[in-house]
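Structure, as structure tokens:
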Amino acid sequence: MSLKSDLIWDKLNERLAQIDPTNRTFKVILLVHLQKDAATVKSVVLDFDSLKIVEIERGASGSGEYSAGRFEATLEIDDEDFFKVATKEVTFKELIEQVDLVLTDLV
């Protein structure tokens, strides 16, 4: 199944590689469940602490080095909406105001 977000993973990884790990303040770890037609189709960890993106088992609450308690938040978001936020077509705040978004485990 082709996802709109598949178009941006390489670009996101490139941007993470350009970040100076010694000069940043945003170090959260997020679990993101991408959805299509209200079903989870892909799950990824956005690790802004280690500056990497890791795909995990679809719908899992954690995996390997990413135990369930390690995430600052878990986000269930439509793949198309994630693409819009990642490409700055909309801000996350605008998205929250526009759609039904499930955000849990906020620290």
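Numbering starts fresh at 1 for the residues of each chain in the structure tokens, the chains themselves are lettered A, B, ... in the order given, and ligands are numbered from 1 as they appear.
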DSSP-assigned alpha helix (DSSP H) members of chain A, reported as an NGL selection string: :A and (9-17 or 79-86 or 92-98)
From a backbone DSSP assignment, name each residue in range 12-93 of chain A labelled strand (DSSP E), as a list in words. Ile29, Leu30, Leu31, Val32, His33, Leu34, Gln35, Lys36, Ala39, Thr40, Val41, Lys42, Ser43, Val44, Val45, Leu46, Asp47, Lys52, Ile53, Val54, Glu55, Ile56, Ala73, Thr74, Leu75, Glu76, Ile77 and Asp78 of chain A
Please determine, counting only C-alpha atoms, which residue among A:His33, A:Arg15, A:Lys27, A:Lys4 has the shortest atom-to-atom distance to Gly62 in chain A.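 Looking only at the distances to Gly62 in chain A, the closest residue turns out to be A:His33.
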One decimal, Å: what's the distance from CA of Asp47 in chain A over to CA of Glu14 in chain A, could you say? 13.9 Å
Quick one: everything within 12 Å of Leu3 in chain A, counting only C-alpha atoms, minus sequence neighbours fewer than 4 positions away in the same chain. Send it as a list in words. Leu7, Ile8, Trp9, Leu34, Gln35, Lys36, Asp37, Thr40, Val41, Lys42, Asp78, Asp79, Glu80, Asp81, Phe82 and Phe83 of chain A
Hey, what's within 12 Å of Glu65 in chain A if we count only C-alpha atoms and toss same-chain stuff fewer than 2 positions away? As a ChimeraX atom specification, please? /A:29,45,47,50,54,56,61-63,67-71
Could you write out the selected residues, including N, CA, C and O atoms, as a compact mmCIF listing (two decimals), in the first residue's frame?
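again.txt, written as the output of this step:
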# COMPACT_ATOMS: atom_id res chain seq x y z
N ILE A 29 10.76 12.03 22.16
CA ILE A 29 10.60 10.79 21.41
C ILE A 29 9.10 10.55 21.27
O ILE A 29 8.39 10.44 22.27
N VAL A 45 8.75 5.57 15.09
CA VAL A 45 9.25 6.34 16.23
C VAL A 45 10.00 7.53 15.66
O VAL A 45 10.91 7.36 14.84
N ASP A 47 12.44 9.91 16.84
CA ASP A 47 13.36 10.05 17.96
C ASP A 47 14.21 11.30 17.77
O ASP A 47 15.24 11.27 17.10
N SER A 50 17.83 11.01 19.71
CA SER A 50 18.93 10.36 18.98
C SER A 50 18.98 10.77 17.51
O SER A 50 19.82 10.28 16.76
N VAL A 54 12.59 5.49 13.21
CA VAL A 54 12.63 4.03 13.21
C VAL A 54 11.22 3.49 12.97
O VAL A 54 10.29 3.84 13.71
N ILE A 56 8.54 0.64 13.30
CA ILE A 56 8.32 -0.50 14.17
C ILE A 56 7.09 -1.27 13.70
O ILE A 56 6.40 -0.83 12.76
N SER A 61 2.98 -0.77 20.65
CA SER A 61 3.12 0.31 21.64
C SER A 61 4.58 0.52 22.01
O SER A 61 4.90 1.37 22.83
N GLY A 62 5.46 -0.22 21.39
CA GLY A 62 6.89 -0.09 21.63
C GLY A 62 7.61 -1.23 20.93
O GLY A 62 6.97 -2.15 20.41
N SER A 63 8.95 -1.16 20.91
CA SER A 63 9.71 -2.20 20.23
C SER A 63 11.19 -2.04 20.58
O SER A 63 11.72 -0.94 20.54
N SER A 67 10.80 1.03 24.55
CA SER A 67 9.73 0.48 25.37
C SER A 67 8.59 1.48 25.45
O SER A 67 8.78 2.68 25.24
N ALA A 68 7.40 0.98 25.75
CA ALA A 68 6.20 1.82 25.75
C ALA A 68 6.33 3.05 26.64
O ALA A 68 5.81 4.10 26.32
N GLY A 69 7.03 2.96 27.75
CA GLY A 69 7.15 4.09 28.66
C GLY A 69 8.15 5.15 28.24
O GLY A 69 8.31 6.16 28.91
N ARG A 70 8.81 4.95 27.14
CA ARG A 70 9.88 5.86 26.71
C ARG A 70 9.37 7.06 25.90
O ARG A 70 10.10 8.02 25.68
N PHE A 71 8.13 7.03 25.47
CA PHE A 71 7.60 8.08 24.59
C PHE A 71 7.01 9.24 25.36
O PHE A 71 6.32 9.04 26.35
